[in-house]
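Comments concern the structure below.
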Amino acid sequence: MTAVQFGVLGPLAVTTDAGEPVVVPGTKVRALLADLLANRNQVVSADRLIDDLWGDDSPANPAGALQVRVSQLRKALNDAEPGARELVESRPPGYLLRADAVDADRFVDLSRSTDVERLTEALALWRGEAYADVADAAFASAEAARLAEQRLVVQERLAQARLARGEHDLVAADLTELVARHPLREGLRAVQLRALYAAGRQSEALDSYADLRERLAEELGLDPGPELVALHRRILEQDAGLSAPPKAAIIRNSLPAQLDELVGRAEALAELRALLSRQRLVTLVGPGGVGKTRLATETARAQSFPDGVQLVELAPLPAGDARVAEQVLGALGGYETAGTSLSPADRVVTALRHRQLLLVLDNCEHVIEPVAELVARLLRDVPGVSVLATSREPLGLTGEQLWEVPPLPVPHDGDLDTVRRSAAARLFVARAAAQQSGFRLDGQSAAAVAQLCRRLDGLPLALELAATRVRALGVRGVVDRLDDRFRLLTTAQRDVPPRQRTLTAVIAWSWDLLDEPDRTVLARLAVFPDGCTPQAAEHVCRTDLDTLARLVDRSLVVLDDSGAAPRYRLLESVAAFCLERLSDAAEVRARHAAYYTELAERADPGLRGAEQRRWLAQLDAETANLRAALGHGGGLRLAVALSWYWFLRGRLTEARRALSVRGDPAQEARAAAWRVGFALVRGEAVAPAQVRAAVAGDPDGRGAWFAANAVTDHSDLALAAELLPTPADAWTEAAVLTTQAKIAHVLGDQATLERAATRSAALFADLGDQWGQLQATEWVGALAEMRGEHDRAAALHRDGLRWAEQLGLWPQVGTELSWLAWLAVQTRDYPQARELAERAYRLAQEHDSPSALVFAEMSLGLAARRDGKLDLAVTHLTRLAERGRAEAQPALYLPPVLVELGYAVEQGGDPDTALALHVEAFEVAEAMAAPRDASYALEGMASAVRAPEAAARLLGAAAAARLATQAPPAPAERDEIERVTGRVRAALGRERFDALVAEGAKLSPGEARAQL
């Protein structure tokens, strides 16, 4: 069977075997797919599908409408995986979806197991509620409910299996939220009671039982079942059979008592506990303040060694002190052997030779050599001893298992629910509440807490220090003072070690252990605001990979290997500390600016060819460095090099600001056309003389083309054509052709439009420029729409949408969505048109793209008007009309907007205002030499004019104009023409009507207008 994966355990998802998402367009098509998936491998009748999709609001031709949705579904599948259209079969009396790769089936298969790992894997398949997109639909509700019940069964079974393994503490914690969501589920409650009791929390277990009993009585009038009653009795009697699995007796345990909750480390604890059962040496590494000591002690607390757990604090030893073995002997106490003839290390080995215990060595980094020497002896000579070490760098021993302690996950935005789920925020809130009893996380404080967590990199110690300041400053006050974080983040808590009382001391502890050359490199790395590649680090910092590797090993530099290329990063607090110690800042920043200016200049040609995607990703990764380089000396030279990248990414404001600086004459000549072009794209008015002057000195024609293309959005087509440069290369030739296609589209010149768009597409394809192929395809699709080939046009724009999404070209994504919305309007699919236009509108707002915003709002207005929502249509269309009229020259979009507004006003009962709007639209279209828009305005006049004779002649003239421009009306436009035609014919009679239409067909559009 064709390799397509279907997901229903959450929002509907379709992917290829390679993991690529498959876009299934349209709400009805997705609902159809969901219906077929809910009944997969079974025939679903066409009547049932029609009822499921439309209910009582079925279209005029329901069988045809269903067939269209089936065709769209098949095409979407086939576009992703050739041959996948065969998955949707036509089988009397309906359709069948062949699907053997559905996550729900995999879940059911895994759920039959009693194995913890397989049950965990089963639950990991869930991405939300089953059939989340259509959960309220009748065809999905039963299947969704069945899967939800099965999910609960698996959650109960998993909890029981983990309880049997002795994970009572974790199970009790994990079940808290689940029981709160399903408080009347007795099986779930029984597992929770067992877990709480086994964890030594008998009173909580009894409270949970009492809560269930009260809820059952109040809500259902029932008592707990006999099994739960029996379990309650056993808890009261402290039945030994309910206790946790027996553990080996701990003879000695020197771990400190737990004084507060360890937040956000449940998964880490579980992983480390399992790891220590397999590895004899585990070293927790990470930067200062990340919580290595606390995590180590809590991990050790759950271990079962016959001779206990021994914590050895090494922080009191001076840096480089060799007396590590003596420190261990002091901690062992009773294990110390008599006599002095043995060395301290020999005495440790002798004391522990026949023992089975866990040795926790805390803060090893400043005495790393003697620690490594002693641990190597223990691993070799004392097989019963395991070691859990904390250090800012590895011990470097055979058999060492490194476990990097990460900062706590931070909230990616300030949404209250997002912040509540973040471990970093939970820790901060818990510690702040301990300092100020009235402190609560709410909608007002969530954004500030999220910002604080991000600025402090999720470092637990930094968050705890910040929490001590909330009582005096409030959360917002703490955030506002983070630029002076080293004075801010201190504590007066007397039981905290001195090295952890200030953020400065935490970082200085590691800084002081470095030799001078490594300090120099670390300080220089701080000029990179968002990390850097190894090549950039070597060039700007004048260093080598060995030095960088040492800094990574010492947890001062973070290696991020998750992207296309590895990057070195500093935590924000480490970077701030280092910047204060950067002695050669001016030289380093100058090298930084030069490096990124050269990078941008190498990227610029790459952004116009087959390497476009790679260069886009690379510049995206370097955004923060490029912005910093602009201020460090990159100036206008760098701004010009980045102009095309900024346009592709829709960063218009950033481009305008960066290009506003001054440069030398050569840079000014290159920048002038780009400055004018971005001003025009942003919707600003620029005098023609100023545009001409700006493009005159453009050295390669690309800036001149950019400015000329932007002029078209301001309706001055003659100026745009005049400014188009003579191409000096294939890329510029292809770009010029796209602008010529755009102008031809407005003028209704189909021959030029076809020639220019086709040639442009071929040139861009040869160059491998996907953005260019998008542009050319847009106008090939526009030609198809003009000719009434709506299915072909939609297919071309769907291809364009997919390409734009893959490249992350979000302004173009919005444009393609708007085209598809426009086509949906023309083919009468108004709900889909609104959905697509709303997506386009949000994107245009997010990326501050004026032209995309206009196109999206235009589609929203058209869809609302055609769907009978006149008030909404008038709101959108009036706003666009006012905007279009305010331009120095009427905007290209003004004629169709005025016509649509005229129709809305006429349908609202004001034909005189409507007629004025249609006449205005006609006059603007004539001034622009836009014949298609002029014929559309003639039809609008016919709808609003009071004299039926004039209306008939106008209809005749409009039909003749459409024929002359080879632009047949779309289905939705035909509806409008037929509405007006029916009314006028009824008023005149068929014979008189036909005669007047024939008269009108002989009139030019201007003559037809003149009769009013």
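In the structure tokens, each chain is lettered A, B, ... as it comes, each chain's residues begin at 1, and ligands are numbered from 1 in order of appearance.
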
Query raised in the report: Neighbours of Ala693 of chain A within 10 Å (only C-alpha atoms; same-chain residues fewer than 3 positions away dropped), as a ChimeraX atom specification?
Result: /A:672-673,676,688-690,696-698

Writer output for current selection, N, CA and C atoms, as a CSV table (one decimal), in the first residue's frame:
```
chain,number,residue,atom,x,y,z
A,672,ALA,N,20.5,53.5,-2.9
A,672,ALA,CA,19.5,54.5,-3.2
A,672,ALA,C,18.2,53.8,-3.7
A,673,ALA,N,18.4,52.9,-4.7
A,673,ALA,CA,17.2,52.2,-5.3
A,673,ALA,C,16.5,51.3,-4.2
A,676,VAL,N,14.4,53.5,-1.9
A,676,VAL,CA,13.1,53.9,-2.5
A,676,VAL,C,12.2,52.7,-2.6
A,688,PRO,N,7.7,60.5,-8.4
A,688,PRO,CA,8.4,59.9,-9.6
A,688,PRO,C,9.8,60.3,-9.8
A,689,ALA,N,10.0,61.7,-9.7
A,689,ALA,CA,11.4,62.2,-9.9
A,689,ALA,C,12.3,61.6,-9.0
A,690,GLN,N,11.9,61.4,-7.7
A,690,GLN,CA,12.8,60.8,-6.7
A,690,GLN,C,13.1,59.4,-7.0
A,696,ALA,N,18.8,55.6,-11.0
A,696,ALA,CA,19.7,56.0,-12.1
A,696,ALA,C,21.1,55.4,-11.9
A,697,GLY,N,21.6,55.4,-10.6
A,697,GLY,CA,23.0,55.0,-10.4
A,697,GLY,C,23.1,53.6,-9.9
A,698,ASP,N,22.0,52.8,-10.0
A,698,ASP,CA,22.1,51.4,-9.6
A,698,ASP,C,23.1,50.6,-10.4
```

Query raised in the report: Just asking: which residues within segment 121-293 of chain A are alpha helix (DSSP H) according to DSSP, as number ranges by chain?
Result: A: 121-124, 138-164, 168-181, 186-198, 202-215, 226-236, 266-276, 292-293

Report summary line: Of A:Gly781, A:Gly399, A:Gly330, A:Pro406, the one sitting nearest Leu823 of chain A when using only C-alpha atoms is A:Gly781

Requested in this report: For segment 564-568 of chain A, list every protein, DNA or RNA residue within 10 Å, evaluated using only C-alpha atoms, and leave out those in the same chain fewer than 2 positions away; present the list as a PyMOL selection string.
Outcome: chain A and resi 525+528+530-537+548-549+551-552+557-562+570+614+617-618+621

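Note that the spacing between atom CA of Glu261 of chain A and atom CA of Arg440 of chain A amounts to 17.4 Å.
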
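Note that atom CA of Pro316 of chain A and atom CA of Trp509 of chain A are 12.4 Å apart.
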
**Report entry** Test item: residues at most 9 Å from Ala594 of chain A, only C-alpha atoms, excluding those fewer than 2 positions along its chain, as number ranges by chain
**Finding:** A: 589-592, 596-599, 629, 632-634

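Taking atom CA of Arg839 of chain A as the reference point, atom CA of Trp810 of chain A is found at 11.2 Å.
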
Report task. Counting only C-alpha atoms, figure out which residue out of A:Asp584, A:Glu400, A:Glu167, A:Glu857 gets nearest to Val375 of chain A. Result -> A:Glu400

Report task. Quick one: everything within 7 Å of segment 805-808 of chain A, counting only C-alpha atoms, minus sequence neighbours fewer than 4 positions away in the same chain. Send it as number ranges by chain. Result -> A: 613, 801, 813

Query raised in the report: Contacts of Gln5 of chain A at 8 Å or less, counting only C-alpha atoms, minus same-chain residues fewer than 6 places along, as a count of residues only?
Result: 7

Query - Residue set, segment 528-734 of chain A restricted to strand (DSSP E or B), as a list in words - result: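 The residues of segment 528-734 of chain A classed as strand (DSSP E or B) are Pro529, Gly531, Cys532, Val558, Leu559, Asp560, Arg567, Tyr568 and Arg569 of chain A.
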
With C-alpha atoms retained, write the just-selected residues as a compact mmCIF listing (two decimals), in the first residue's frame.
```txt
# COMPACT_ATOMS: atom_id res chain seq x y z
CA PRO A 529 24.53 37.83 20.90
CA GLY A 531 25.95 32.11 19.48
CA CYS A 532 28.14 31.41 16.48
CA VAL A 558 27.10 25.46 25.29
CA LEU A 559 27.40 23.45 22.08
CA ASP A 560 24.09 23.47 20.24
CA ARG A 567 26.85 26.54 17.22
CA TYR A 568 28.58 27.74 20.34
CA ARG A 569 26.45 29.77 22.74
```

Query raised in the report: Quick one: residues within 7 Å of segment 704-711 of chain A, only C-alpha atoms counted, chain neighbours fewer than 3 positions away excluded, as a list in words?
Result: Ala673, Trp674, Val676, Gly677, Leu680, Val681, Val695, Asp698, Gly701, His714, Ser715, Asp716, Ala720, Leu723, Leu724, Pro725, Val736 and Thr739 of chain A
